[in-house]
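J.: input-v2.cif is the file, holding mmCIF, C-alpha atoms and all ligand atoms:
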data_work
#
loop_
_atom_site.label_atom_id
_atom_site.label_comp_id
_atom_site.auth_asym_id
_atom_site.auth_seq_id
_atom_site.Cartn_x
_atom_site.Cartn_y
_atom_site.Cartn_z
CA MET A 1 0.00 0.00 0.00
CA MET A 2 1.33 3.45 -0.89
CA HIS A 3 1.54 5.86 2.03
CA PHE A 4 0.85 9.52 1.36
CA PRO A 5 4.10 11.46 1.87
CA ILE A 6 2.62 14.12 4.17
CA SER A 7 0.69 12.77 7.15
CA MET A 8 0.76 12.61 10.93
CA ALA A 9 2.80 9.42 10.51
CA VAL A 10 5.85 11.44 9.43
CA PRO A 11 7.79 13.60 11.90
CA ALA A 12 6.91 17.32 11.99
CA ARG A 13 9.32 19.56 10.08
CA PHE A 14 9.74 23.36 10.25
CA LEU A 15 9.53 23.35 14.05
CA ALA A 16 10.71 26.41 15.91
CA PRO A 17 10.17 27.88 19.36
CA LEU A 18 7.48 30.56 19.54
CA PRO A 19 9.02 34.02 19.16
CA ALA A 20 8.64 36.58 21.93
CA ALA A 21 6.91 38.91 19.47
CA CYS A 22 5.82 39.08 15.84
CA ASP A 23 3.73 41.28 13.58
CA VAL A 24 1.26 38.69 12.33
CA VAL A 25 0.18 35.22 13.45
CA VAL A 26 -1.21 33.03 10.68
CA ILE A 27 -3.19 30.00 11.80
CA GLY A 28 -3.22 27.03 9.45
CA GLY A 29 -0.38 25.78 7.28
CA GLY A 30 -2.26 24.90 4.11
CA VAL A 31 -1.57 26.72 0.84
CA VAL A 32 -3.58 29.77 1.95
CA GLY A 33 -1.79 30.14 5.29
CA VAL A 34 1.67 29.35 3.96
CA MET A 35 1.40 31.79 1.07
CA THR A 36 -0.10 34.49 3.31
CA ALA A 37 2.90 34.07 5.60
CA TRP A 38 5.25 34.00 2.59
CA PHE A 39 4.04 37.24 1.03
CA LEU A 40 3.91 39.05 4.37
CA ALA A 41 7.46 37.92 5.18
CA GLU A 42 8.58 39.11 1.73
CA ARG A 43 7.23 42.53 2.70
CA GLY A 44 9.41 42.51 5.78
CA MET A 45 6.86 41.48 8.38
CA ARG A 46 7.72 39.08 11.19
CA VAL A 47 5.27 36.24 10.75
CA THR A 48 4.51 33.22 12.94
CA LEU A 49 2.76 30.35 11.17
CA CYS A 50 0.90 27.92 13.45
CA GLU A 51 -0.14 24.49 12.20
CA LYS A 52 -1.87 21.96 14.42
CA GLY A 53 -0.73 18.94 12.38
CA ARG A 54 1.70 18.95 9.47
CA ILE A 55 2.39 21.73 6.99
CA ALA A 56 0.25 20.88 3.93
CA GLY A 57 -0.95 17.78 5.74
CA GLU A 58 -4.59 18.34 4.83
CA GLN A 59 -6.42 19.42 1.69
CA SER A 60 -3.66 21.52 0.14
CA SER A 61 -1.43 18.55 -0.65
CA ARG A 62 -4.30 16.30 -1.75
CA ASN A 63 -6.11 18.23 -4.44
CA TRP A 64 -5.84 17.84 -8.20
CA GLY A 65 -3.39 20.66 -8.68
CA TRP A 66 -5.13 22.51 -11.48
CA ILE A 67 -4.48 26.23 -11.85
CA ARG A 68 -7.44 26.74 -14.12
CA GLN A 69 -8.93 29.90 -15.56
CA GLN A 70 -11.11 28.08 -18.06
CA GLY A 71 -14.82 27.95 -17.36
CA ARG A 72 -14.64 30.16 -14.28
CA ASP A 73 -17.46 32.39 -13.19
CA ALA A 74 -16.98 35.96 -14.43
CA ALA A 75 -16.41 37.13 -10.84
CA GLU A 76 -13.76 34.44 -10.20
CA LEU A 77 -11.85 34.85 -13.43
CA PRO A 78 -9.78 37.95 -12.51
CA ILE A 79 -8.72 36.15 -9.31
CA MET A 80 -7.58 33.13 -11.33
CA VAL A 81 -5.66 35.35 -13.76
CA GLU A 82 -3.86 36.86 -10.78
CA SER A 83 -3.34 33.42 -9.23
CA LEU A 84 -1.69 32.15 -12.41
CA ARG A 85 0.55 35.21 -12.47
CA LEU A 86 1.63 34.45 -8.89
CA TRP A 87 2.27 30.78 -9.70
CA GLN A 88 4.40 31.77 -12.68
CA GLY A 89 6.47 34.02 -10.43
CA LEU A 90 6.86 31.27 -7.85
CA ALA A 91 7.83 28.76 -10.54
CA GLN A 92 10.57 31.13 -11.72
CA GLN A 93 11.77 31.49 -8.15
CA PHE A 94 11.67 27.78 -7.25
CA GLY A 95 12.30 26.13 -10.62
CA ASP A 96 11.05 22.55 -10.95
CA ARG A 97 10.37 22.22 -7.25
CA LEU A 98 6.68 23.11 -7.61
CA GLY A 99 5.95 20.66 -10.40
CA PHE A 100 4.51 23.65 -12.30
CA HIS A 101 3.66 22.99 -15.95
CA GLN A 102 1.72 25.30 -18.23
CA THR A 103 0.31 22.72 -20.63
CA GLY A 104 -3.27 23.92 -20.92
CA VAL A 105 -6.66 22.59 -19.93
CA MET A 106 -9.16 21.14 -22.39
CA TYR A 107 -12.85 20.45 -21.86
CA LEU A 108 -14.62 18.12 -24.24
CA ALA A 109 -18.17 18.98 -25.30
CA GLY A 110 -20.54 16.04 -25.20
CA SER A 111 -23.17 17.82 -27.29
CA GLU A 112 -23.73 20.80 -29.56
CA LYS A 113 -25.46 22.47 -26.60
CA ALA A 114 -22.26 22.13 -24.58
CA VAL A 115 -20.32 23.74 -27.44
CA GLU A 116 -22.78 26.64 -27.34
CA GLY A 117 -22.23 26.93 -23.60
CA TYR A 118 -18.47 27.16 -24.11
CA GLU A 119 -18.97 29.73 -26.84
CA ALA A 120 -21.15 31.83 -24.53
CA TRP A 121 -18.36 31.84 -21.93
CA LEU A 122 -15.64 33.03 -24.33
CA PRO A 123 -16.36 36.79 -23.97
CA HIS A 124 -15.40 36.49 -20.28
CA ALA A 125 -12.04 35.06 -21.32
CA GLN A 126 -11.50 37.79 -23.88
CA ALA A 127 -12.42 40.52 -21.38
CA ASN A 128 -9.70 39.21 -19.05
CA GLY A 129 -7.03 38.59 -21.67
CA VAL A 130 -7.29 34.80 -21.29
CA ASP A 131 -6.32 32.75 -24.36
CA SER A 132 -9.29 30.31 -24.32
CA ARG A 133 -10.63 29.15 -27.66
CA LEU A 134 -13.16 26.75 -29.09
CA MET A 135 -11.99 23.55 -30.73
CA SER A 136 -13.80 22.00 -33.66
CA ARG A 137 -14.77 18.33 -33.85
CA ARG A 138 -11.85 17.77 -36.22
CA GLU A 139 -9.35 19.51 -33.95
CA VAL A 140 -10.45 17.43 -30.95
CA ALA A 141 -10.14 14.20 -32.93
CA ALA A 142 -6.70 15.24 -34.24
CA ARG A 143 -5.43 16.21 -30.83
CA LEU A 144 -6.79 13.25 -28.90
CA LYS A 145 -5.79 10.27 -30.98
CA GLY A 146 -8.22 7.43 -30.45
CA ALA A 147 -10.93 9.65 -28.98
CA GLY A 148 -12.98 9.11 -32.11
CA PRO A 149 -15.26 11.59 -33.86
CA GLY A 150 -17.85 11.53 -31.06
CA TRP A 151 -16.95 14.89 -29.56
CA PRO A 152 -18.63 17.83 -31.33
CA GLY A 153 -16.00 20.22 -30.02
CA GLY A 154 -14.13 21.47 -27.03
CA LEU A 155 -12.78 24.42 -25.13
CA PHE A 156 -9.03 24.86 -24.73
CA THR A 157 -6.99 27.31 -22.66
CA PRO A 158 -3.27 26.94 -23.44
CA SER A 159 -2.15 29.13 -20.53
CA ASP A 160 -3.89 27.02 -17.87
CA ALA A 161 -1.47 25.14 -15.68
CA ARG A 162 -0.96 22.51 -13.04
CA ALA A 163 1.31 22.25 -10.02
CA GLU A 164 2.04 19.11 -8.00
CA PRO A 165 0.17 19.77 -4.73
CA TRP A 166 2.20 17.66 -2.33
CA VAL A 167 5.50 18.88 -3.79
CA ALA A 168 4.42 22.53 -3.94
C1 LIG A 201 -11.04 16.66 -4.41
C2 LIG A 201 -10.53 18.08 -4.45
C3 LIG A 201 -9.85 18.52 -5.58
C4 LIG A 201 -9.40 19.83 -5.64
N1 LIG A 201 -8.72 20.22 -6.76
C5 LIG A 201 -8.25 21.49 -6.83
C6 LIG A 201 -7.55 21.91 -7.99
O1 LIG A 201 -7.36 21.15 -8.94
N2 LIG A 201 -7.08 23.19 -8.02
C7 LIG A 201 -7.29 24.06 -6.95
O2 LIG A 201 -6.84 25.22 -7.02
N3 LIG A 201 -7.96 23.67 -5.86
C8 LIG A 201 -8.45 22.41 -5.76
N4 LIG A 201 -9.11 22.03 -4.65
C9 LIG A 201 -9.29 23.02 -3.56
C10 LIG A 201 -8.01 23.20 -2.74
O3 LIG A 201 -7.49 21.95 -2.31
C11 LIG A 201 -8.34 24.09 -1.53
O4 LIG A 201 -8.97 25.27 -1.95
C12 LIG A 201 -7.08 24.48 -0.76
O5 LIG A 201 -6.26 23.37 -0.45
C13 LIG A 201 -7.50 25.18 0.55
O6 LIG A 201 -6.32 25.54 1.22
P1 LIG A 201 -6.37 26.00 2.71
O7 LIG A 201 -4.97 26.42 3.07
O8 LIG A 201 -7.47 26.98 2.89
O9 LIG A 201 -6.87 24.70 3.52
P2 LIG A 201 -6.07 23.40 4.07
O10 LIG A 201 -5.11 22.83 3.10
O11 LIG A 201 -7.15 22.50 4.58
O12 LIG A 201 -5.22 23.97 5.27
C14 LIG A 201 -5.78 24.38 6.49
C15 LIG A 201 -4.77 24.03 7.57
O13 LIG A 201 -5.19 24.62 8.80
C16 LIG A 201 -4.86 23.74 9.83
N5 LIG A 201 -5.70 24.12 10.98
C17 LIG A 201 -7.04 24.09 11.07
N6 LIG A 201 -7.44 24.52 12.27
C18 LIG A 201 -6.32 24.86 12.95
C19 LIG A 201 -6.08 25.39 14.26
N7 LIG A 201 -7.09 25.67 15.08
N8 LIG A 201 -4.80 25.62 14.61
C20 LIG A 201 -3.77 25.34 13.79
N9 LIG A 201 -3.93 24.85 12.53
C21 LIG A 201 -5.20 24.61 12.13
C22 LIG A 201 -5.16 22.37 9.27
O14 LIG A 201 -4.46 21.36 9.97
C23 LIG A 201 -4.65 22.53 7.82
O15 LIG A 201 -3.31 22.13 7.67
C24 LIG A 201 -9.60 20.73 -4.56
C25 LIG A 201 -10.28 20.27 -3.43
C26 LIG A 201 -10.76 18.97 -3.37
C27 LIG A 201 -11.52 18.53 -2.14
#
Spit out the file's structure as structure tokens when you get a sec.
Ligand SMILES: Cc1cc2nc3c(=O)[nH]c(=O)nc-3n(C[C@H](O)[C@H](O)[C@H](O)COP(=O)(O)OP(=O)(O)OC[C@H]3O[C@@H](n4cnc5c(N)ncnc54)[C@H](O)[C@@H]3O)c2cc1C

T.:
Amino acid sequence: MMHFPISMAVPARFLAPLPAACDVVVIGGGVVGVMTAWFLAERGMRVTLCEKGRIAGEQSSRNWGWIRQQGRDAAELPIMVESLRLWQGLAQQFGDRLGFHQTGVMYLAGSEKAVEGYEAWLPHAQANGVDSRLMSRREVAARLKGAGPGWPGGLFTPSDARAEPWVA
């Protein structure tokens, strides 16, 4: 049986005595807490990060890792654009250590109605400078060898990315 690399079964890392004083205490060492602490520390603040278990021991190391703009609600999309920009900066800083790859995300349309739905979403992408585009039936079949002609189309966003959650 494969054991997940981050769990209560492995010794705690990043231990340190509590400081006498700090500027900010962040509670919770998932991706939100760690990156909050990271960006505050970069701005020169003294940050204490408290985690009750293991850093990234819960959801943040166990998700699917997608950094996806495609298909987002109009209100979410600017946040995802900014998120991708931050991930790109982190990937430059850390190199391969995040498992960051910008290889795109593709959705396959199971019907003409789904194609229409993707088409209706495209103006949101354009308004936010996101490179999403529709794919024709032929393009889908050419790109996914063996997928057959059964997909009427798709939606593709080349700039969408993925990081490896438990490594990151
Ligand atoms: C199946 C699945 C797939 C997903 N896929 C994706 C994806 O592809 N892309 C994506 O962007 N997101 C995805 N997500 C969402 C993503 O995993 C979460 O949004 C993200 O991990 C939340 O991070 P977090 O830091 O808020 O929470 P967590 O990772 O849960 O971290 C919270 C931390 O706080 C600690 N804590 C809690 N209470 C205390 C306390 N009182 N004192 C000290 N520490 C405490 C916990 O131990 C934990 O370590 C997915 C989620 C699921 C469930």

J.: One decimal, in Å: what's the spacing between atom CA of A:Val24 and atom CA of A:Val81?

T.: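 Interatomic distance here is 27.2 Å.
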
J.: Counting all atoms listed in the file, which protein, DNA or RNA residues come within 12 Å of ligand LIG 201 (chain A), given as a ChimeraX atom specification?

T.: /A:6-8,25-37,48-70,72,76,79-80,83-84,87,105,160-166,168

J.: Between A:Arg137, A:His3, A:His124, A:Arg46, which residue has the minimum interatomic distance to A:Ala109, considering only C-alpha atoms?

T.: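 Residue with the minimum atom-to-atom distance to A:Ala109: A:Arg137.
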
J.: Draw an axis-aligned box tight on the listed atoms of stretch 61-68 of chain A, then pad every side by 5 Å and write out centre and edge lengths in Å to one decimal as lines of an AutoDock Vina configuration file.

T.:
center_x = -4.4
center_y = 21.5
center_z = -7.4
size_x = 16.0
size_y = 20.4
size_z = 23.5

J.: I'd like the interatomic distance between atom CA of A:Leu77 and atom CA of A:Trp38, to a tenth of an Å.

T.: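 Between these atoms lies a distance of 23.4 Å.
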
J.: To one decimal place, how far is atom CA of A:Gly95 from atom CA of A:Pro158 in Å?

T.: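 Result for atom CA of A:Gly95 versus atom CA of A:Pro158: 20.2 Å, one decimal.
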
J.: Have a look at A:Gly153, A:Phe100, A:Arg85, A:Ser132 and name the one nearest to A:Val115; count all atoms listed in the file.

T.: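 So, comparing all the options, the nearest one is A:Gly153.
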
J.: Measuring atom to atom with only C-alpha atoms, identify which of A:Pro19, A:Gly99, A:Gly104, A:Pro78 is nearest to A:Ala127.

T.: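 Using only C-alpha atoms, the shortest distance to A:Ala127 belongs to A:Pro78.
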
J.: Here is a test: counting only C-alpha atoms, which residue of A:Leu144, A:Ala114, A:Glu82, A:Thr157 is nearest to A:Asp131?

T.: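 Of all the options, A:Thr157 lies closest to A:Asp131.
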
J.: Between A:Ala142, A:Gly71, A:Ala147, A:Ser159, which residue has the minimum interatomic distance to A:Glu119, considering only C-alpha atoms?

T.: A:Gly71
